[in-house]
Structures are given as structure tokens and as C-alpha cells.
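A quick write-up on the structure given underneath.
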Amino acid sequence: IITANTCCFLLWPTIGRTIFQVFTFTTVEGQVYLLFDMTIQPNDAWWPVLAGAAVLGIVVYIIGIPLFYFVVLYKQRKWLVSAQQGTEHWVQRRYSGLYKQFEPAYWFWELIEMLRKLLLIGGVLVLQLNPTVQALFGLLIAIFYIVLLGNTRPYLDDSTDAVAQIGAVTMVLVLLLGSALSWWSGLRPPASRRARRRGAARRPHASCRRAPRAP
């Protein structure tokens, strides 16, 4: 069970990203394609089967695994504190990796981390065709997470709380930089237009050309 829990947590973000990619599209010359595979269109006959499998994966894996852990820990929450104080219990043997690094009152914090990853993965993929909205969405999540960390300080080790807050602040700065770059690139004209402008600037105006000399 411990090995299964470890594999679930390690593979959960990667598999979640793969599942959400089924619902990300791009348009090329008026035709809609899946972004991760340009040979697939949503009007293909077998695409509903693919979408149905993705929805099943979201319900069973993306939502089902955190929900299962929450139910197990919630039902056994009275044993979590005693397990941290040294009393042996099956919850400690099987699921201690989910809560032992947190304060007893925040035994559920690992599930909040999973929810944050879910929002970032799903939001980034769904909104990736609009980089500005994508960055703002991630920025809101990061700021909310910083406030939540500052008010709760859920880790047993104070240095871990500090590292988590530094990581969250770093993410906010990166997202701010990404938003600024996206906004700046939107203000600049396309490369083809800039090339035409440079060509027009180098080409002499008709009024400035010298008249040919008479023979």
C-alpha cells in the first residue's frame, strides 16, 4: 500500500496533464485539431470515445484519488494525533506520508496541495491559447496560496514553512514576469509588419531620387 501511495502521488500530476490535453484544441486554417496531436479533430468518429475515457479518468483518478485519501484520513482523524505521538496504528503504517510532515490540525494539507496542482494543470492547459488569461489565472492561485500559507503555517518544521512561502513567492514573480512579457508582445506589431516597415524606411522616397542626367 505504501508503494501504491507513492506511485499515485508521483504519477498524479503527469497523468492529470495527459488527461486534460484531450480537451485542448487549436485552430489552423479554419480547422480545429487537438493541440497535442494535430492528426486528431474533434469531429472524428472515435473522438467521443477518447473524450469519454478522459472524463472517466478525471472522475476516477484526478478527483477519485484525493477524495479517497480524504475520506480515509477523515474517518481515522482521531488516530492521527496519537499516531504522531508514537501510538502505533494502521493509519500510521499505510498513510503516514500524507500527514506526518504537517501540524495535527492540518492533516489534510497534502490534499490542498493536490487541489492546487489540479487547478494549475487544468487551468494552464485549458487557457493556454490565451497566455495573458493563463498567467493571471495562475497568479490568482499563487497569491491565494501565499495568503493561505501565511495564515496557517501548516508544516511541523518552521523552516519548511519558510521554504514553501519562498517557493510560492517565486512562482508569483515568475507569473508576473510572464504576464508582462505577454502584454508587451501583444503591443508589438508582428514580425512581418516590422520587416515591411524596415524595408520601407531603407527604400528612398520617389521625391528624393535624383533625376537621370541628360546625355
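Residue numbers start at 1 in each chain; chains themselves are named A, B, ... in the order of the C-alpha cells; ligands are numbered from 1 in the order shown.
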Kindly provide the residues of segment 28-52 of chain A that approach segment 56-75 of chain A to within 12 Å, each paired with its closest atom pair and their distance in Å to one decimal, based on only C-alpha atoms, listed by chain and increasing number, as a tab-separated table.
residue	atom	partner	partner_atom	distance
A:Val49	CA	A:Leu56	CA	10.5
A:Leu50	CA	A:Leu56	CA	9.9
A:Ala51	CA	A:Leu56	CA	8.6
A:Gly52	CA	A:Leu56	CA	6.2
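Considering only C-alpha atoms, the residue among A:Val163, A:Met114, A:Ser179, A:Lys78 positioned nearest to Gly150 of chain A is A:Val163.
Closest approach to Arg17 of chain A among A:Trp90, A:Trp46, A:Phe36, A:Trp79: A:Phe36, based on only C-alpha atoms.
Proximity to Val169 of chain A at 12 Å, evaluated using only C-alpha atoms and with sequence-adjacent residues fewer than 2 positions away removed, yields Leu139, Ile141, Ala142, Ile143, Phe144, Tyr145, Ile146, Val147, Leu149, Gly150, Ala162, Val163, Ala164, Gln165, Ile166, Gly167, Met171, Val172, Leu173, Val174, Leu175 and Leu176 of chain A.
The space separating atom CA of Tyr106 of chain A from atom CA of Pro154 of chain A comes to 5.8 Å.
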I need the residues of segment 20-58 of chain A that end up classed as strand (DSSP E or B) by DSSP on the backbone, written out as a list in words.
Phe25, Thr26, Thr27, Val28, Gln31, Val32, Tyr33 and Leu34 of chain A
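Residue nearest Arg77 of chain A, chosen from A:Leu120, A:Val55, A:Val91, A:Cys8 and counting only C-alpha atoms: A:Val91.
Between atom CA of Lys117 of chain A and atom CA of Leu11 of chain A the separation is 12.3 Å.
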Determine the nearest neighbour of Ala135 of chain A from the options A:Lys100, A:Gly123, A:Asp37, A:Leu111, counting only C-alpha atoms.
A:Gly123
Work out how far atom CA of Thr39 of chain A is from atom CA of Thr27 of chain A, in Å to one decimal.
12.4 Å
